Structure formats: C-alpha cells, structure tokens
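**Student:** Take this structure, written in structure tokens, and hold onto it; I'll ask about it next.
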Amino acid sequence: MKKLFTLTLILLLPLSYMAKAEDEKASKRQAARKAAEATPKSKATPVASVPVKTGLRLPSLFGDHMILQQNMKNTIWGWADPKEQITVTASWGASASAQANADGGWKVLLDTPAFGTGHSLKITGSKTIEIKDVAIGEVWLCAGQSNMGWSTGNSAEAELEANVNLPNYRIFKSGREHWHEPLKEKRDLMGQWKTCNPESAAETSVVAYNFGKKLHLALNVPVGIIQEAYAGTPIEGWMPWEVQQDIAQSKEQKADMDKSAKRQLDGKGESREKSLAAFNQEMTDYNKQVAAGETMKSKNRELKPPYIKKPADMGNQYPANIFNAMIYPIRPYGIKGAIWYQGERNSKTVPQAVAYGEQLKRLISYYRSSWHEL
C-alpha cells in the first residue's frame with residue numbers, strides 16, 4: 001500500500017448560590033479536605049463513578065455521514081474486550097475481520113471502490129454498530145494554527161454561505177487539544193461528521209471550507225475535510241520530538257520550556273489520591289442536592305457535578321504536544337492529502353524563521369511516511 005500522499009502548503013507570515021449556601025459549601029469542602037489529609041494513602045477510596053470503557057466502540061471519526069477515501073485500503077479501527085472477534089462489513093461488498101489484542105485494540109483494512117454515496121458499514125462483535133450515510137470520495141486533512149481555524153461565520157463570506165446545501169461535502173471539525181504523550185484516542189469526543197449546510201459551514205475554517213467546496217464542485221465527487229487547527233501554536237508542536245530533536249531551534253524551544261517549568265516546580269509534590277475523599281464527599285453532597293432540588297439566585301438551573309482536575313502538562317507550545325493529541329490519534333484514517341496553514345508563530349525571531357524550512361521538511365516527510373501506522 002502506498003504511504004505517500006499530497007501535502008499542500010499555505011504559508012502566510014503575518015498575513016451562587018446565595019452567600020450562606022456558598023459559605024456552607026466552602027465549610028464542607030474544607031472539612032472534607034482535612035479528613036482526606038488525615039486518611040492514609042493506602043485507604044484512598046476509588047472513584048466508582050468513573051466508568052471503565054469496555055465492549056465494542058469506535059473513535060469519533062467513525063459515525064454517520066462519514067466519508068472514506070476512494071480506491072484504497074482504509075484502516076477501520078477501534079476497541080473491544082480482549083480477544084473479542086470483530087467483523088467489519090460494507091454495503092459495497094467488502095468485509096474484513098480481526099481479533100482484539102490484549103489491550104482491546106483492533107484494526108482491519110477495508111477496500112473501497114470508486115466514489116459514491118448512500119453506503120453503510122456494520123461493525124459486529126459483542127454488539128453491532130451500524131454507520132449510515134457513508135460516502136466514498138476524496139478526504140483531506142486541514143491543519144495549522146489560527147489562520148486555519150478562522151471560521152467562515154466570522155469571515156466576509158458568511159452571508160455568501162448562508163444558504164449553502166451540499167450533502168456530499170462532509171466536514172469533521174476537531175476540538176483543540178494538547179497532551180504530553182501520544183494518545184490512542186482523542187479526548188475530544190464531541191467531534192462528528194456533518195454534511196455541508198449553513199450551520200456546519202459557519203463553524204468551519206474558511207480556508208479549509210473553501211478548499212473542500214471548490215474541490216467538491218470541480219471534481220464532482222464527494223469530498224471530506226478533517227479540520228485540526230490550534231491558534232498560536234508553533235510547528236514544533238505538530239510533530240514527534242524524535243523527528244526534530246537534532247534541529248537547534250527545536251532543541252532551544254524545548255530547553256527554554258523545560259527551564260521555565262523548573263522555575264515553577266520545586267520538585268516536591270503529593271499524590272492526587274488525597275483529593276479522592278474530598279471528591280467523594282462533594283459527589284455525595286451533589287447527589288443529595290440534585291435529589292432534593294436547590295433554588296439558585298435569580299432562577300432555577302441544573303447543578304454541575306464536581307470533578308477531579310486533570311494533571312497539568314507543558315501546554316500547547318511544547319514540542320510534540322499538539323501532535324500527541326490531535327494528529328497521532330487519527331493517523332490511520334485514509335486521506336488523499338493535507339493542506340497546511342501555519343508559520344506566524346515561528347516568525348518571531350530570525351533563528352525561528354531560518355529553522356522553519358528544515359522543520360517543515362521534517363514534518364512533511366514524517367506525515368507521508370507514517371500516516372497509516374497504528
């Protein structure tokens with residue numbers, strides 16, 4: 001299977017509660033925290049309210065209105081119980097099977113025909129998942145920083161697209177994420193394929209939207225775009241560290257951020273398990289309040305449950321952190337090519353601008369050679 005695909009570059013440099021209730025709540029929290037600190041670590045209570053994901057499931061990229069790249073072996077993947085037998089059957093006659101590994105991961109390669117619409121997929125294991133309104137055509141990744149993220153609805157073209165209706169033009173917009181290690185599954189689970197209509201057009205990158213629309217109309221085939229954009233991010237964040245670790249500018253970027261982190265962290269810390277007792281107490285209070293009903297200041301509204309904060313990481317400027325959360329989890333998905341609109345964040349200094357050419361070459365080469373890995 002060919003691993004090369006086209007990558008088009010678009011480089012433009014600079015182009016109350018009431019007071020009493022709040023006091024009571026604060027007192028409860030303080031008491032719970034004191035109790036938690038007095039609780040031995042070995043007796044920390046597990047959070048039973050957080051479900052363990054089991055059984056057959058798919059990444060958010062697989063759902064109704066999705067589009068698959070035509071005339072190629074497309075990777076279909078997901079998770080299930082270990083050793084669960086999975087079969088993927090397509091309405092055009094192709095099928096493939098696999099057994100979930102010890103970690104529950106599985107994948108199959110499914111042949112697609114030439115472009116078309118009205119297809120469906122059935123993924124069968126312990127249960128059956130059916131995906132409807134599947135199109136086959138050309139799929140493009142649209143990645144970059146804020147210029148790739150600027151929406152059609154906020155552009156001068158908003159009124160022109162107010163009545164657009166292109167059912168065979170499909171759009172998938174991802175949320176902005178970053179993480180300190182590669183993620184097997186996106187943490188943004190809200191992304192979904194949408195057909196092109198006034199609502200989906202307005203929320204999509206104006207650059208990506210116009211690229212996909214013109215391609216769709218020119219080729220007269222279904223077209224899908226996957227938008228992965230994060231404002232203010234440097235190119236260092238969009239590729240793995242090992243790909244750029246010998247580039248002086250990338251090394252300097254990483255060293256500066258590591259140094260900054262050391263100034264903020266004194267090396268001392270404690271396990272977040274201590275917060276579990278307080279969390280459980282807050283959940284108990286929350287459940288009681290929901291059951292009894294509680295009147296807010298001005299109007300009734302639903303109470304939001306407490307939560308445990310996620311671990312801190314180095315942010316969206318750290319090398320590889322965007323790649324880990326936004327690109328790594330989707331790499332097996334079949335695409336024709338990519339368009340790239342980024343560079344402003346790397347134009348702050350002369351050394352940054354000089355290094356950009358080599359960094360861009362590394363990014364292109366890595367994306368082309370590794371895209372279908374899983």
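Chain labels A, B, ... are given in the sequence in which chains occur in the structure tokens; within each chain residues are numbered consecutively from 1, and ligands are likewise numbered from 1 in the order shown.
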Residues near stretch 356-364 of chain A, anyone? I mean within 7 Å using only C-alpha atoms, not counting same-chain ones fewer than 3 positions away, as a ChimeraX atom specification.
**Tutor:** /A:239,243-244,352-353,367-368
**Student:** Keeping C-alpha atoms, export the residues of the selection given above as an mmCIF file, in the first residue's frame.
**Tutor:**
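Result file follows (result-v2.cif):
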```cif
data_model
loop_
_atom_site.group_PDB
_atom_site.id
_atom_site.type_symbol
_atom_site.label_atom_id
_atom_site.label_comp_id
_atom_site.auth_asym_id
_atom_site.auth_seq_id
_atom_site.Cartn_x
_atom_site.Cartn_y
_atom_site.Cartn_z
ATOM 1 C CA MET A 239 5.432 16.547 15.018
ATOM 2 C CA VAL A 243 11.783 13.812 14.292
ATOM 3 C CA GLN A 244 13.166 17.231 15.270
ATOM 4 C CA GLN A 352 12.978 30.725 14.155
ATOM 5 C CA ALA A 353 12.365 31.802 10.572
ATOM 6 C CA TYR A 367 3.453 12.641 7.875
ATOM 7 C CA ARG A 368 3.904 10.982 4.494
#
```
**Student:** Counting only C-alpha atoms, what is within 10 Å of A:Gln227, bar same-chain residues fewer than 6 positions away, as a VMD selection string?
**Tutor:** chain A and resid 140 to 144 148 to 149 171 to 175 204 to 205 208 to 209 326 339
**Student:** Create the file for the chosen residues now, containing N, CA and C atoms and written as a short mmCIF file (atom, residue, chain, number, x, y, z; two decimals), in the first residue's frame.
**Tutor:**
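Result went into result-v4.cif, see below:
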```cif
data_model
loop_
_atom_site.label_atom_id
_atom_site.label_comp_id
_atom_site.auth_asym_id
_atom_site.auth_seq_id
_atom_site.Cartn_x
_atom_site.Cartn_y
_atom_site.Cartn_z
N TRP A 140 -9.38 15.04 2.85
CA TRP A 140 -8.22 15.90 3.06
C TRP A 140 -8.13 16.36 4.52
N LEU A 141 -6.90 16.35 5.04
CA LEU A 141 -6.59 16.91 6.35
C LEU A 141 -6.28 18.39 6.17
N CYS A 142 -6.84 19.23 7.04
CA CYS A 142 -6.60 20.68 7.00
C CYS A 142 -6.08 21.09 8.38
N ALA A 143 -4.77 21.35 8.48
CA ALA A 143 -4.15 21.57 9.78
C ALA A 143 -3.40 22.89 9.83
N GLY A 144 -3.19 23.40 11.05
CA GLY A 144 -2.43 24.63 11.22
C GLY A 144 -2.86 25.39 12.45
N MET A 148 -5.81 28.76 10.02
CA MET A 148 -6.58 27.59 9.59
C MET A 148 -7.84 27.42 10.43
N GLY A 149 -7.88 28.07 11.57
CA GLY A 149 -9.03 27.92 12.45
C GLY A 149 -10.10 29.00 12.29
N ILE A 171 -17.83 17.41 6.54
CA ILE A 171 -16.91 18.20 7.37
C ILE A 171 -16.77 17.57 8.75
N PHE A 172 -15.52 17.42 9.20
CA PHE A 172 -15.24 16.95 10.56
C PHE A 172 -14.33 17.99 11.22
N LYS A 173 -14.82 18.62 12.27
CA LYS A 173 -14.03 19.64 12.97
C LYS A 173 -13.64 19.14 14.35
N SER A 174 -12.34 19.08 14.60
CA SER A 174 -11.84 18.61 15.90
C SER A 174 -11.70 19.77 16.88
N GLY A 175 -11.79 19.43 18.16
CA GLY A 175 -11.53 20.41 19.20
C GLY A 175 -10.03 20.61 19.38
N THR A 204 -16.86 26.12 10.40
CA THR A 204 -15.66 25.52 9.82
C THR A 204 -14.67 26.59 9.38
N SER A 205 -13.40 26.26 9.44
CA SER A 205 -12.33 27.14 8.94
C SER A 205 -12.67 27.63 7.54
N ALA A 208 -10.20 26.02 5.02
CA ALA A 208 -10.50 24.61 4.78
C ALA A 208 -11.82 24.45 4.04
N TYR A 209 -12.81 25.23 4.45
CA TYR A 209 -14.14 25.15 3.84
C TYR A 209 -14.09 25.45 2.34
N MET A 326 -3.79 15.66 18.72
CA MET A 326 -4.66 15.97 17.59
C MET A 326 -4.33 15.20 16.31
N ILE A 339 -3.58 20.03 3.61
CA ILE A 339 -3.18 21.42 3.42
C ILE A 339 -2.75 21.97 4.77
#
```
**Student:** With distances taken over only C-alpha atoms, which residue among A:Ala325, A:Ala80, A:Ala338, A:Ala114 lies nearest A:Gly212?
**Tutor:**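 When distances to A:Gly212 are compared using only C-alpha atoms, the smallest one comes from A:Ala338.
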**Student:** Running DSSP on the backbone, which parts of stretch 132-370 of chain A land in strand (DSSP E), as a ChimeraX atom specification?
**Tutor:** /A:132-144,166-173,193-196,223-229,337-341
**Student:** Go ahead and dump the residues you just picked, N, CA and C atoms, as an mmCIF file, in the first residue's frame.
**Tutor:**
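Output saved as out_6.cif:
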```cif
data_model
loop_
_atom_site.group_PDB
_atom_site.id
_atom_site.type_symbol
_atom_site.label_atom_id
_atom_site.label_comp_id
_atom_site.auth_asym_id
_atom_site.auth_seq_id
_atom_site.Cartn_x
_atom_site.Cartn_y
_atom_site.Cartn_z
ATOM 1 N N LYS A 132 -24.403 4.875 9.080
ATOM 2 C CA LYS A 132 -25.245 5.152 7.913
ATOM 3 C C LYS A 132 -24.760 6.381 7.140
ATOM 4 N N ASP A 133 -25.261 6.495 5.924
ATOM 5 C CA ASP A 133 -24.949 7.632 5.050
ATOM 6 C C ASP A 133 -23.440 7.809 4.884
ATOM 7 N N VAL A 134 -22.767 6.726 4.575
ATOM 8 C CA VAL A 134 -21.318 6.768 4.346
ATOM 9 C C VAL A 134 -21.053 7.135 2.890
ATOM 10 N N ALA A 135 -20.189 8.101 2.678
ATOM 11 C CA ALA A 135 -19.788 8.492 1.322
ATOM 12 C C ALA A 135 -18.377 7.990 1.057
ATOM 13 N N ILE A 136 -18.048 7.849 -0.213
ATOM 14 C CA ILE A 136 -16.698 7.477 -0.634
ATOM 15 C C ILE A 136 -16.233 8.520 -1.640
ATOM 16 N N GLY A 137 -15.056 9.065 -1.420
ATOM 17 C CA GLY A 137 -14.563 10.121 -2.297
ATOM 18 C C GLY A 137 -13.164 10.545 -1.926
ATOM 19 N N GLU A 138 -12.935 11.850 -1.852
ATOM 20 C CA GLU A 138 -11.620 12.406 -1.545
ATOM 21 C C GLU A 138 -11.631 13.002 -0.141
ATOM 22 N N VAL A 139 -10.639 12.620 0.675
ATOM 23 C CA VAL A 139 -10.564 13.081 2.060
ATOM 24 C C VAL A 139 -9.270 13.865 2.261
ATOM 25 N N TRP A 140 -9.384 15.040 2.854
ATOM 26 C CA TRP A 140 -8.220 15.898 3.063
ATOM 27 C C TRP A 140 -8.128 16.358 4.515
ATOM 28 N N LEU A 141 -6.895 16.352 5.036
ATOM 29 C CA LEU A 141 -6.592 16.909 6.350
ATOM 30 C C LEU A 141 -6.281 18.391 6.173
ATOM 31 N N CYS A 142 -6.844 19.233 7.040
ATOM 32 C CA CYS A 142 -6.598 20.680 7.002
ATOM 33 C C CYS A 142 -6.075 21.090 8.377
ATOM 34 N N ALA A 143 -4.773 21.354 8.479
ATOM 35 C CA ALA A 143 -4.150 21.574 9.779
ATOM 36 C C ALA A 143 -3.395 22.894 9.830
ATOM 37 N N GLY A 144 -3.188 23.402 11.048
ATOM 38 C CA GLY A 144 -2.431 24.626 11.223
ATOM 39 C C GLY A 144 -2.858 25.394 12.451
ATOM 40 N N LEU A 166 -24.835 21.307 0.490
ATOM 41 C CA LEU A 166 -24.042 20.363 -0.304
ATOM 42 C C LEU A 166 -23.940 19.050 0.476
ATOM 43 N N PRO A 167 -24.920 18.180 0.356
ATOM 44 C CA PRO A 167 -24.968 16.957 1.171
ATOM 45 C C PRO A 167 -23.798 16.001 0.964
ATOM 46 N N ASN A 168 -23.116 16.088 -0.164
ATOM 47 C CA ASN A 168 -21.989 15.187 -0.409
ATOM 48 C C ASN A 168 -20.639 15.824 -0.109
ATOM 49 N N TYR A 169 -20.674 16.984 0.513
ATOM 50 C CA TYR A 169 -19.467 17.629 1.038
ATOM 51 C C TYR A 169 -19.525 17.455 2.548
ATOM 52 N N ARG A 170 -18.570 16.695 3.109
ATOM 53 C CA ARG A 170 -18.620 16.317 4.521
ATOM 54 C C ARG A 170 -17.517 17.024 5.310
ATOM 55 N N ILE A 171 -17.829 17.409 6.544
ATOM 56 C CA ILE A 171 -16.912 18.199 7.368
ATOM 57 C C ILE A 171 -16.770 17.574 8.751
ATOM 58 N N PHE A 172 -15.522 17.422 9.202
ATOM 59 C CA PHE A 172 -15.241 16.954 10.563
ATOM 60 C C PHE A 172 -14.326 17.987 11.215
ATOM 61 N N LYS A 173 -14.816 18.620 12.267
ATOM 62 C CA LYS A 173 -14.034 19.641 12.969
ATOM 63 C C LYS A 173 -13.640 19.137 14.346
ATOM 64 N N TRP A 193 -18.897 13.868 12.037
ATOM 65 C CA TRP A 193 -19.050 14.238 10.640
ATOM 66 C C TRP A 193 -20.387 14.940 10.427
ATOM 67 N N LYS A 194 -20.360 16.005 9.636
ATOM 68 C CA LYS A 194 -21.577 16.737 9.301
ATOM 69 C C LYS A 194 -21.613 16.988 7.799
ATOM 70 N N THR A 195 -22.805 16.977 7.236
ATOM 71 C CA THR A 195 -22.933 17.379 5.838
ATOM 72 C C THR A 195 -22.846 18.904 5.777
ATOM 73 N N CYS A 196 -22.493 19.423 4.624
ATOM 74 C CA CYS A 196 -22.322 20.868 4.477
ATOM 75 C C CYS A 196 -23.669 21.572 4.399
ATOM 76 N N VAL A 223 -16.470 14.918 -1.172
ATOM 77 C CA VAL A 223 -15.223 15.393 -0.572
ATOM 78 C C VAL A 223 -15.437 15.568 0.924
ATOM 79 N N GLY A 224 -14.429 15.182 1.703
ATOM 80 C CA GLY A 224 -14.478 15.375 3.143
ATOM 81 C C GLY A 224 -13.241 16.094 3.623
ATOM 82 N N ILE A 225 -13.398 16.992 4.587
ATOM 83 C CA ILE A 225 -12.250 17.661 5.194
ATOM 84 C C ILE A 225 -12.241 17.373 6.691
ATOM 85 N N ILE A 226 -11.044 17.175 7.224
ATOM 86 C CA ILE A 226 -10.846 16.978 8.660
ATOM 87 C C ILE A 226 -10.061 18.179 9.161
ATOM 88 N N GLN A 227 -10.702 19.031 9.942
ATOM 89 C CA GLN A 227 -10.059 20.254 10.424
ATOM 90 C C GLN A 227 -9.380 20.013 11.764
ATOM 91 N N GLU A 228 -8.069 20.226 11.790
ATOM 92 C CA GLU A 228 -7.279 20.131 13.015
ATOM 93 C C GLU A 228 -6.502 21.438 13.147
ATOM 94 N N ALA A 229 -7.046 22.399 13.875
ATOM 95 C CA ALA A 229 -6.421 23.715 13.987
ATOM 96 C C ALA A 229 -6.316 24.139 15.447
ATOM 97 N N GLY A 337 -4.649 13.723 0.983
ATOM 98 C CA GLY A 337 -3.570 14.672 1.196
ATOM 99 C C GLY A 337 -3.891 15.628 2.321
ATOM 100 N N ALA A 338 -3.080 16.677 2.422
ATOM 101 C CA ALA A 338 -3.240 17.646 3.503
ATOM 102 C C ALA A 338 -2.915 19.045 3.021
ATOM 103 N N ILE A 339 -3.576 20.032 3.613
ATOM 104 C CA ILE A 339 -3.178 21.420 3.420
ATOM 105 C C ILE A 339 -2.747 21.966 4.774
ATOM 106 N N TRP A 340 -1.762 22.816 4.764
ATOM 107 C CA TRP A 340 -1.096 23.273 5.987
ATOM 108 C C TRP A 340 -1.028 24.795 5.983
ATOM 109 N N TYR A 341 -1.562 25.425 7.028
ATOM 110 C CA TYR A 341 -1.569 26.887 7.121
ATOM 111 C C TYR A 341 -1.050 27.257 8.502
#
```
**Student:** Restricting the calculation to only C-alpha atoms: of A:Ala320, A:Ile330, A:Ala90, A:Ala162, which residue gets closest to A:Glu242?
**Tutor:**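 Using only C-alpha atoms, the shortest distance to A:Glu242 belongs to A:Ala320.
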**Student:** Write out as a list in words which residues come within 8 Å of A:Lys83 when counting only C-alpha atoms, dropping same-chain ones fewer than 2 positions away.
**Tutor:** Asp81, Gln85, Gln99, Ala100, Asn101, Ala102 and Gly104 of chain A
**Student:** Okay, now the selection with N, CA and C atoms, as a short mmCIF file (atom, residue, chain, number, x, y, z; two decimals), in the first residue's frame?
**Tutor:**
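Here's the written file result_36.cif:
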```cif
data_model
loop_
_atom_site.label_atom_id
_atom_site.label_comp_id
_atom_site.auth_asym_id
_atom_site.auth_seq_id
_atom_site.Cartn_x
_atom_site.Cartn_y
_atom_site.Cartn_z
N ASP A 81 -13.43 -5.84 23.99
CA ASP A 81 -12.86 -6.66 25.05
C ASP A 81 -11.71 -7.49 24.48
N GLN A 85 -13.79 -11.08 18.81
CA GLN A 85 -13.72 -11.18 17.35
C GLN A 85 -14.57 -10.07 16.73
N GLN A 99 -9.15 -9.86 15.51
CA GLN A 99 -9.37 -10.16 16.92
C GLN A 99 -8.71 -9.08 17.76
N ALA A 100 -9.43 -8.59 18.75
CA ALA A 100 -8.88 -7.56 19.63
C ALA A 100 -7.68 -8.11 20.39
N ASN A 101 -6.66 -7.28 20.54
CA ASN A 101 -5.46 -7.71 21.26
C ASN A 101 -5.68 -7.66 22.77
N ALA A 102 -4.62 -7.89 23.52
CA ALA A 102 -4.72 -7.95 24.98
C ALA A 102 -5.19 -6.64 25.59
N GLY A 104 -7.30 -4.67 24.00
CA GLY A 104 -8.61 -4.37 23.44
C GLY A 104 -8.58 -3.70 22.09
#
```
**Student:** Restricting the calculation to only C-alpha atoms: of A:Thr54, A:Thr349, A:Asn74, A:Asn163, which residue gets closest to A:Tyr333?
**Tutor:**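 Looking at the shortest contact to A:Tyr333, the residue is A:Asn74.
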**Student:** Which is closer to A:Thr117 than all the others in A:Pro82, A:Gly343, A:Pro222, A:Pro234, using only C-alpha atoms?
**Tutor:** A:Pro222
**Student:** Rounded to one decimal place, report the atom CA of A:Gly153-atom CA of A:Asp64 distance in Å.
**Tutor:**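 Between atom CA of A:Gly153 and atom CA of A:Asp64 the gap works out to 24.2 Å.
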**Student:** Between atom CA of A:Met190 and atom CA of A:Gly105, what is the distance, to one decimal in Å?
**Tutor:**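 Going from atom CA of A:Met190 over to atom CA of A:Gly105, I get 21.1 Å.
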**Student:** Using atom CA of A:Pro182 and atom CA of A:Ile129 as the two end points, give the distance in Å to one decimal.
**Tutor:**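 Taking atom CA of A:Pro182 as the start and atom CA of A:Ile129 as the end point, the length is 26.7 Å.
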**Student:** Counting only C-alpha atoms, which of A:Val350, A:Ala255, A:Leu110, A:Ile247 gets nearest to A:Tyr318?
**Tutor:**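 Smallest distance to A:Tyr318 is found for A:Ala255.
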**Student:** Taking into account only C-alpha atoms, which residue in the set A:Ala156, A:Ile322, A:Leu276, A:Leu183 is nearest to A:Pro240?
**Tutor:** A:Ile322
